[in-house]
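Raw contents of structure.cif, mmCIF, C-alpha atoms, pLDDT in the B column; chains and numbers go by the auth columns:
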data_run
#
loop_
_atom_site.group_PDB
_atom_site.id
_atom_site.type_symbol
_atom_site.label_atom_id
_atom_site.label_comp_id
_atom_site.label_asym_id
_atom_site.label_seq_id
_atom_site.Cartn_x
_atom_site.Cartn_y
_atom_site.Cartn_z
_atom_site.B_iso_or_equiv
_atom_site.auth_seq_id
_atom_site.auth_asym_id
ATOM 1 C CA MET A 1 42.317 -141.805 59.904 86.00 1080 A
ATOM 2 C CA PRO A 2 42.604 -143.938 56.729 85.00 1081 A
ATOM 3 C CA VAL A 3 38.902 -144.844 56.969 89.00 1082 A
ATOM 4 C CA PHE A 4 37.801 -141.228 57.446 92.00 1083 A
ATOM 5 C CA ALA A 5 40.092 -140.045 54.643 90.00 1084 A
ATOM 6 C CA ALA A 6 38.778 -142.763 52.303 87.00 1085 A
ATOM 7 C CA LEU A 7 35.269 -141.469 52.988 92.00 1086 A
ATOM 8 C CA GLY A 8 36.340 -137.979 51.921 92.00 1087 A
ATOM 9 C CA ALA A 9 36.930 -136.373 55.306 94.00 1088 A
ATOM 10 C CA VAL A 10 39.542 -133.693 55.855 94.00 1089 A
ATOM 11 C CA CYS A 11 41.476 -135.216 58.751 95.00 1090 A
ATOM 12 C CA THR A 12 43.474 -133.881 61.666 97.00 1091 A
ATOM 13 C CA VAL A 13 45.169 -136.089 64.228 96.00 1092 A
ATOM 14 C CA LEU A 14 46.291 -134.871 67.626 96.00 1093 A
ATOM 15 C CA ASP A 15 48.514 -137.012 69.809 95.00 1094 A
ATOM 16 C CA TYR A 16 51.164 -136.495 72.457 94.00 1095 A
ATOM 17 C CA SER A 17 53.373 -139.369 71.300 93.00 1096 A
ATOM 18 C CA PRO A 18 55.901 -138.583 68.553 95.00 1097 A
ATOM 19 C CA LEU A 19 55.970 -142.319 67.721 95.00 1098 A
ATOM 20 C CA GLN A 20 52.203 -142.412 67.198 93.00 1099 A
ATOM 21 C CA LEU A 21 52.344 -139.274 65.073 95.00 1100 A
ATOM 22 C CA GLU A 22 55.133 -140.724 62.938 96.00 1101 A
ATOM 23 C CA SER A 23 53.031 -143.851 62.444 95.00 1102 A
ATOM 24 C CA GLU A 24 50.093 -141.670 61.306 93.00 1103 A
ATOM 25 C CA ARG A 25 52.390 -139.817 58.891 95.00 1104 A
ATOM 26 C CA MET A 26 53.810 -143.087 57.509 95.00 1105 A
ATOM 27 C CA VAL A 27 50.356 -144.598 56.884 94.00 1106 A
ATOM 28 C CA ALA A 28 49.097 -141.385 55.260 94.00 1107 A
ATOM 29 C CA GLU A 29 52.085 -141.331 52.900 94.00 1108 A
ATOM 30 C CA ARG A 30 51.742 -145.040 52.103 95.00 1109 A
ATOM 31 C CA GLU A 31 47.985 -144.793 51.459 92.00 1110 A
ATOM 32 C CA GLY A 32 48.201 -141.445 49.658 92.00 1111 A
ATOM 33 C CA TYR A 33 45.950 -139.206 51.709 92.00 1112 A
ATOM 34 C CA ASP A 34 46.521 -135.796 53.279 93.00 1113 A
ATOM 35 C CA ILE A 35 46.349 -135.395 57.017 94.00 1114 A
ATOM 36 C CA ARG A 36 47.146 -132.550 59.382 96.00 1115 A
ATOM 37 C CA ILE A 37 49.297 -133.927 62.195 96.00 1116 A
ATOM 38 C CA ILE A 38 49.597 -132.015 65.462 97.00 1117 A
ATOM 39 C CA ARG A 39 51.519 -132.919 68.589 97.00 1118 A
ATOM 40 C CA GLY A 40 49.547 -131.765 71.592 96.00 1119 A
ATOM 41 C CA ASP A 41 48.470 -132.552 75.114 95.00 1120 A
ATOM 42 C CA MET A 42 44.751 -133.292 75.435 94.00 1121 A
ATOM 43 C CA THR A 43 44.843 -132.165 79.082 94.00 1122 A
ATOM 44 C CA LYS A 44 45.579 -128.591 77.936 95.00 1123 A
ATOM 45 C CA ARG A 45 43.582 -126.153 75.817 97.00 1124 A
ATOM 46 C CA LEU A 46 43.492 -127.712 72.364 97.00 1125 A
ATOM 47 C CA PRO A 47 45.221 -125.780 69.543 97.00 1126 A
ATOM 48 C CA PHE A 48 42.023 -125.406 67.519 98.00 1127 A
ATOM 49 C CA GLU A 49 39.441 -122.698 66.940 98.00 1128 A
ATOM 50 C CA ASP A 50 35.977 -122.781 68.482 98.00 1129 A
ATOM 51 C CA GLY A 51 33.639 -124.790 66.244 98.00 1130 A
ATOM 52 C CA GLU A 52 36.446 -125.954 63.927 98.00 1131 A
ATOM 53 C CA PHE A 53 35.328 -129.587 63.574 98.00 1132 A
ATOM 54 C CA ASP A 54 32.236 -131.479 62.419 97.00 1133 A
ATOM 55 C CA ILE A 55 33.289 -134.772 64.040 97.00 1134 A
ATOM 56 C CA ILE A 56 35.693 -135.764 66.782 98.00 1135 A
ATOM 57 C CA PHE A 57 36.761 -139.380 66.942 97.00 1136 A
ATOM 58 C CA HIS A 58 38.185 -139.874 70.425 96.00 1137 A
ATOM 59 C CA PRO A 59 39.417 -143.471 70.736 92.00 1138 A
ATOM 60 C CA VAL A 60 40.244 -145.060 74.079 92.00 1139 A
ATOM 61 C CA SER A 61 42.751 -142.543 75.445 93.00 1140 A
ATOM 62 C CA ASN A 62 41.148 -141.076 78.553 95.00 1141 A
ATOM 63 C CA CYS A 63 42.766 -143.855 80.561 95.00 1142 A
ATOM 64 C CA TYR A 64 46.054 -141.936 80.273 95.00 1143 A
ATOM 65 C CA VAL A 65 44.818 -138.797 82.038 96.00 1144 A
ATOM 66 C CA GLU A 66 43.762 -138.231 85.608 97.00 1145 A
ATOM 67 C CA ASP A 67 40.908 -135.776 84.983 97.00 1146 A
ATOM 68 C CA VAL A 68 38.665 -136.240 81.917 97.00 1147 A
ATOM 69 C CA ARG A 69 36.158 -133.439 82.452 97.00 1148 A
ATOM 70 C CA PRO A 70 38.365 -130.721 80.868 97.00 1149 A
ATOM 71 C CA ILE A 71 38.780 -132.953 77.813 97.00 1150 A
ATOM 72 C CA TRP A 72 35.009 -133.128 77.311 98.00 1151 A
ATOM 73 C CA ARG A 73 34.767 -129.331 77.670 98.00 1152 A
ATOM 74 C CA GLU A 74 37.459 -128.848 75.016 98.00 1153 A
ATOM 75 C CA CYS A 75 35.753 -131.308 72.663 98.00 1154 A
ATOM 76 C CA PHE A 76 32.536 -129.339 73.085 98.00 1155 A
ATOM 77 C CA ARG A 77 34.345 -126.046 72.388 98.00 1156 A
ATOM 78 C CA ILE A 78 36.008 -127.160 69.138 98.00 1157 A
ATOM 79 C CA LEU A 79 32.919 -128.872 67.670 98.00 1158 A
ATOM 80 C CA ARG A 80 30.555 -126.829 65.535 98.00 1159 A
ATOM 81 C CA PRO A 81 26.900 -126.711 66.626 98.00 1160 A
ATOM 82 C CA GLY A 82 25.359 -130.027 65.567 98.00 1161 A
ATOM 83 C CA GLY A 83 28.817 -131.657 65.522 98.00 1162 A
ATOM 84 C CA ARG A 84 29.276 -135.155 66.846 98.00 1163 A
ATOM 85 C CA LEU A 85 31.669 -136.782 69.277 98.00 1164 A
ATOM 86 C CA LEU A 86 32.357 -140.494 68.949 98.00 1165 A
ATOM 87 C CA ALA A 87 34.266 -141.515 72.068 98.00 1166 A
ATOM 88 C CA GLY A 88 35.571 -144.864 73.211 97.00 1167 A
ATOM 89 C CA THR A 89 36.452 -145.345 76.853 96.00 1168 A
ATOM 90 C CA ASP A 90 37.987 -148.015 79.003 92.00 1169 A
ATOM 91 C CA HIS A 91 35.579 -149.346 81.606 87.00 1170 A
ATOM 92 C CA TYR A 92 36.903 -149.248 85.157 92.00 1171 A
ATOM 93 C CA ILE A 93 36.358 -153.009 85.501 94.00 1172 A
ATOM 94 C CA ASN A 94 39.686 -153.652 83.752 93.00 1173 A
ATOM 95 C CA TYR A 95 41.447 -151.930 86.636 96.00 1174 A
ATOM 96 C CA ILE A 96 40.034 -153.947 89.517 96.00 1175 A
ATOM 97 C CA VAL A 97 41.092 -157.428 88.366 95.00 1176 A
ATOM 98 C CA ASP A 98 44.481 -159.139 88.212 93.00 1177 A
ATOM 99 C CA SER A 99 46.167 -159.858 84.861 89.00 1178 A
ATOM 100 C CA GLU A 100 44.451 -163.273 84.656 94.00 1179 A
ATOM 101 C CA GLU A 101 41.083 -161.562 85.319 95.00 1180 A
ATOM 102 C CA LYS A 102 40.351 -164.026 88.127 95.00 1181 A
ATOM 103 C CA ARG A 103 40.634 -161.982 91.299 96.00 1182 A
ATOM 104 C CA ILE A 104 39.673 -158.490 92.364 96.00 1183 A
ATOM 105 C CA VAL A 105 42.954 -156.915 93.430 95.00 1184 A
ATOM 106 C CA ASN A 106 42.505 -153.145 93.178 96.00 1185 A
ATOM 107 C CA SER A 107 40.181 -150.614 94.713 95.00 1186 A
ATOM 108 C CA LEU A 108 38.735 -147.728 92.753 97.00 1187 A
ATOM 109 C CA PRO A 109 39.589 -145.245 91.632 97.00 1188 A
ATOM 110 C CA PHE A 110 42.716 -146.722 90.084 98.00 1189 A
ATOM 111 C CA ASN A 111 45.117 -143.816 90.411 98.00 1190 A
ATOM 112 C CA PRO A 112 48.848 -144.569 90.442 97.00 1191 A
ATOM 113 C CA LEU A 113 49.634 -140.996 91.490 97.00 1192 A
ATOM 114 C CA LEU A 114 47.782 -141.575 94.756 97.00 1193 A
ATOM 115 C CA ASN A 115 48.345 -145.317 95.243 97.00 1194 A
ATOM 116 C CA PRO A 116 51.981 -146.549 95.231 97.00 1195 A
ATOM 117 C CA ASP A 117 50.917 -150.201 94.851 96.00 1196 A
ATOM 118 C CA GLN A 118 48.967 -149.391 91.694 97.00 1197 A
ATOM 119 C CA ARG A 119 51.953 -147.466 90.346 97.00 1198 A
ATOM 120 C CA LYS A 120 54.234 -150.474 90.964 96.00 1199 A
ATOM 121 C CA GLN A 121 51.724 -152.704 89.183 94.00 1200 A
ATOM 122 C CA LEU A 122 51.768 -150.493 86.067 95.00 1201 A
ATOM 123 C CA GLU A 123 55.549 -150.232 86.112 96.00 1202 A
ATOM 124 C CA ALA A 124 55.903 -154.024 86.380 94.00 1203 A
ATOM 125 C CA GLU A 125 53.641 -154.408 83.326 92.00 1204 A
ATOM 126 C CA ASP A 126 55.312 -151.491 81.472 93.00 1205 A
ATOM 127 C CA ALA A 127 51.783 -150.160 80.912 91.00 1206 A
ATOM 128 C CA GLY A 128 52.425 -146.429 81.204 91.00 1207 A
ATOM 129 C CA MET A 129 50.507 -144.226 83.599 95.00 1208 A
ATOM 130 C CA GLN A 130 46.801 -145.189 83.535 96.00 1209 A
ATOM 131 C CA PHE A 131 43.733 -144.115 85.469 97.00 1210 A
ATOM 132 C CA SER A 132 40.257 -145.565 85.883 97.00 1211 A
ATOM 133 C CA HIS A 133 37.246 -143.335 85.329 97.00 1212 A
ATOM 134 C CA SER A 134 33.698 -143.781 86.496 96.00 1213 A
ATOM 135 C CA LEU A 135 30.641 -143.557 84.272 96.00 1214 A
ATOM 136 C CA GLU A 136 29.880 -140.342 86.121 97.00 1215 A
ATOM 137 C CA GLU A 137 33.169 -138.895 84.832 97.00 1216 A
ATOM 138 C CA GLN A 138 32.825 -140.296 81.309 97.00 1217 A
ATOM 139 C CA ILE A 139 29.115 -139.859 80.561 97.00 1218 A
ATOM 140 C CA GLY A 140 28.358 -137.259 83.210 98.00 1219 A
ATOM 141 C CA GLY A 141 31.359 -135.223 82.092 98.00 1220 A
ATOM 142 C CA GLN A 142 30.024 -135.080 78.547 98.00 1221 A
ATOM 143 C CA LEU A 143 26.586 -134.055 79.773 98.00 1222 A
ATOM 144 C CA GLU A 144 28.102 -131.382 82.041 98.00 1223 A
ATOM 145 C CA ALA A 145 30.039 -130.022 79.041 98.00 1224 A
ATOM 146 C CA GLY A 146 26.731 -129.587 77.193 98.00 1225 A
ATOM 147 C CA PHE A 147 26.611 -132.679 74.979 98.00 1226 A
ATOM 148 C CA ARG A 148 23.465 -134.682 74.273 98.00 1227 A
ATOM 149 C CA LEU A 149 24.103 -138.420 74.501 98.00 1228 A
ATOM 150 C CA LEU A 150 22.650 -140.115 71.401 98.00 1229 A
ATOM 151 C CA ALA A 151 23.810 -143.729 71.742 98.00 1230 A
ATOM 152 C CA LEU A 152 25.874 -146.156 73.827 97.00 1231 A
ATOM 153 C CA TYR A 153 27.604 -149.402 72.993 97.00 1232 A
ATOM 154 C CA GLU A 154 29.359 -151.740 75.440 97.00 1233 A
ATOM 155 C CA ASP A 155 31.998 -154.257 74.426 97.00 1234 A
ATOM 156 C CA THR A 156 34.372 -156.765 76.007 96.00 1235 A
ATOM 157 C CA ASN A 157 38.155 -157.124 75.802 94.00 1236 A
ATOM 158 C CA GLY A 158 37.666 -159.616 72.960 96.00 1237 A
ATOM 159 C CA GLU A 159 39.555 -162.305 74.851 96.00 1238 A
ATOM 160 C CA GLY A 160 40.276 -163.450 78.392 96.00 1239 A
ATOM 161 C CA ARG A 161 38.084 -164.412 81.305 97.00 1240 A
ATOM 162 C CA LEU A 162 36.025 -161.210 81.392 97.00 1241 A
ATOM 163 C CA HIS A 163 35.265 -161.669 77.694 97.00 1242 A
ATOM 164 C CA GLU A 164 34.306 -165.318 78.243 97.00 1243 A
ATOM 165 C CA MET A 165 31.917 -164.179 80.979 97.00 1244 A
ATOM 166 C CA ASN A 166 30.532 -161.442 78.663 97.00 1245 A
ATOM 167 C CA ILE A 167 31.521 -158.683 81.116 96.00 1246 A
ATOM 168 C CA PRO A 168 31.737 -155.340 79.295 96.00 1247 A
ATOM 169 C CA THR A 169 35.063 -153.552 79.640 96.00 1248 A
ATOM 170 C CA PHE A 170 34.700 -150.804 77.034 96.00 1249 A
ATOM 171 C CA LEU A 171 32.066 -148.192 76.295 96.00 1250 A
ATOM 172 C CA ALA A 172 31.516 -146.293 73.058 97.00 1251 A
ATOM 173 C CA MET A 173 29.367 -143.161 73.127 98.00 1252 A
ATOM 174 C CA LEU A 174 27.922 -141.031 70.375 98.00 1253 A
ATOM 175 C CA SER A 175 27.188 -137.504 71.570 98.00 1254 A
ATOM 176 C CA GLN A 176 26.156 -134.307 69.848 98.00 1255 A
ATOM 177 C CA LYS A 177 26.707 -130.609 70.455 98.00 1256 A
ATOM 178 C CA PRO A 178 23.243 -129.042 70.238 98.00 1257 A
ATOM 179 C CA ASN A 179 22.523 -126.607 67.393 95.00 1258 A
#
What do you get writing this file as structure tokens?
Amino acid sequence: MPVFAALGAVCTVLDYSPLQLESERMVAEREGYDIRIIRGDMTKRLPFEDGEFDIIFHPVSNCYVEDVRPIWRECFRILRPGGRLLAGTDHYINYIVDSEEKRIVNSLPFNPLLNPDQRKQLEAEDAGMQFSHSLEEQIGGQLEAGFRLLALYEDTNGEGRLHEMNIPTFLAMLSQKPN
């Protein structure tokens, strides 16, 4: 949000975590910019009007929900015609390998609600509840919601064996709601 605010944007942040929201509030106060802070659940109808936003910046957060398609539909609803969605997503490859990124240890989809071993793995790592999502869910879900995909960018973890092997683990997408 500091970058968007510095560029003159009127900013709203939505998050489920009170700790994350307090961090947003603290940074806004320290840096001297206004921000609307809303606690909400992205798996529910978002507390915004149809067409309220010009841009949605959706950082890597889909990994914390089981079903991403409703999220893409809500993003589409709250964007104005011509509005843009910049979304970062975790690639499912991160979920199939062990913590040293040397062995394939998990099947897909990675869903700790359906697979007790995957749940134990997350609990042992204190990683919260996480879910893998296919490209069909991430990209296809945006297309199904009505978005036009404008650009893609793949990136690695920035460190570790997958990074050293140049295996992409993240995907950034720029999509637009048609006019």
Please write as a list of chain:residue names the full residue list that the PyMOL selection byres ((chain A and resi 1134) around 8) yields on this file. A:Phe1132, A:Asp1133, A:Ile1135, A:Phe1136, A:Leu1158, A:Gly1162, A:Arg1163, A:Leu1164, A:Leu1165
As an MDAnalysis selection string, please: the residues near Ala1107 (chain A) (cut-off 9 Å, all atoms listed in the file, same-chain neighbours under 6 positions excluded). chainID A and resid 1080:1081 1113:1114
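Atom pair CA of Ser1102 (chain A) / CA of Trp1151 (chain A): separated by 25.7 Å.
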Anything within 8 Å of (43.0, -136.1, 69.9): list those residues as a PDB file with C-alpha atoms, in the coordinates of the input, counting only C-alpha atoms and sticking to the file's coordinates.
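The new file selection26.pdb reads:
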ATOM      1  CA  VAL A1092      45.169-136.089  64.228  1.00 96.00           C
ATOM      2  CA  LEU A1093      46.291-134.871  67.626  1.00 96.00           C
ATOM      3  CA  ASP A1094      48.514-137.012  69.809  1.00 95.00           C
ATOM      4  CA  MET A1121      44.751-133.292  75.435  1.00 94.00           C
ATOM      5  CA  ILE A1135      35.693-135.764  66.782  1.00 98.00           C
ATOM      6  CA  PHE A1136      36.761-139.380  66.942  1.00 97.00           C
ATOM      7  CA  HIS A1137      38.185-139.874  70.425  1.00 96.00           C
TER       8      HIS A1137
END
Return as AutoDock Vina command-line options the centre and edge lengths, in Å with one decimal, of the box along x, y and z that encloses every atom of region 1235-1248 of chain A in the file, padded by 8 Å per side.
--center_x 35.4 --center_y -159.4 --center_z 77.2 --size_x 25.7 --size_y 27.8 --size_z 24.4
I'd like to see the residues matched by the PyMOL selection byres ((chain A and resi 1170) around 7) on this file, and ideally I'd get them as a PyMOL selection string. chain A and resi 1168-1169+1171-1173+1248-1250
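CA of Tyr1112 (chain A) lies 8.0 Å from CA of Ala1085 (chain A).
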Please expand the PyMOL selection byres ((chain A and resi 1220) around 12) into the concrete residues it hits in this file, giving the result as a PyMOL selection string. chain A and resi 1141+1146-1155+1212-1219+1221-1228+1254
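Across the model, the gap from CA of Gln1209 (chain A) to CA of Tyr1095 (chain A) is 14.7 Å.
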Find, counting all atoms listed in the file, the residue in A:Ala1088, A:Ile1157, A:Ala1166, A:Met1244 that gets nearest to Glu1128 (chain A). A:Ile1157
Shell around region 1239-1243 of chain A at 12 Å using all atoms listed in the file, local window under 5 positions removed, as a CSV table (one decimal) with C-alpha atoms, in the frame of the given file:
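Wrote it out as part-v3.csv, contents follow:
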chain,number,residue,atom,x,y,z
A,1170,HIS,CA,35.6,-149.3,81.6
A,1172,ILE,CA,36.4,-153.0,85.5
A,1173,ASN,CA,39.7,-153.7,83.8
A,1174,TYR,CA,41.4,-151.9,86.6
A,1175,ILE,CA,40.0,-153.9,89.5
A,1176,VAL,CA,41.1,-157.4,88.4
A,1177,ASP,CA,44.5,-159.1,88.2
A,1178,SER,CA,46.2,-159.9,84.9
A,1179,GLU,CA,44.5,-163.3,84.7
A,1180,GLU,CA,41.1,-161.6,85.3
A,1181,LYS,CA,40.4,-164.0,88.1
A,1182,ARG,CA,40.6,-162.0,91.3
A,1183,ILE,CA,39.7,-158.5,92.4
A,1233,GLU,CA,29.4,-151.7,75.4
A,1234,ASP,CA,32.0,-154.3,74.4
A,1248,THR,CA,35.1,-153.6,79.6
A,1249,PHE,CA,34.7,-150.8,77.0
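Distance annotation: of A:Pro1247, A:Arg1159, A:Glu1145, A:Pro1191, the residue with the minimal separation from Gly1130 (chain A) is A:Arg1159; atom set is only C-alpha atoms.
Of the listed residues A:Met1252, A:Leu1125, A:Val1106, A:Ile1116, the one whose atoms come nearest to Val1089 (chain A) is A:Ile1116, with distances taken using only C-alpha atoms.
Nearest to Phe1127 (chain A) of all the residues A:Asn1190, A:Asn1245, A:Ser1211, A:Thr1091 is A:Thr1091, counting only C-alpha atoms.
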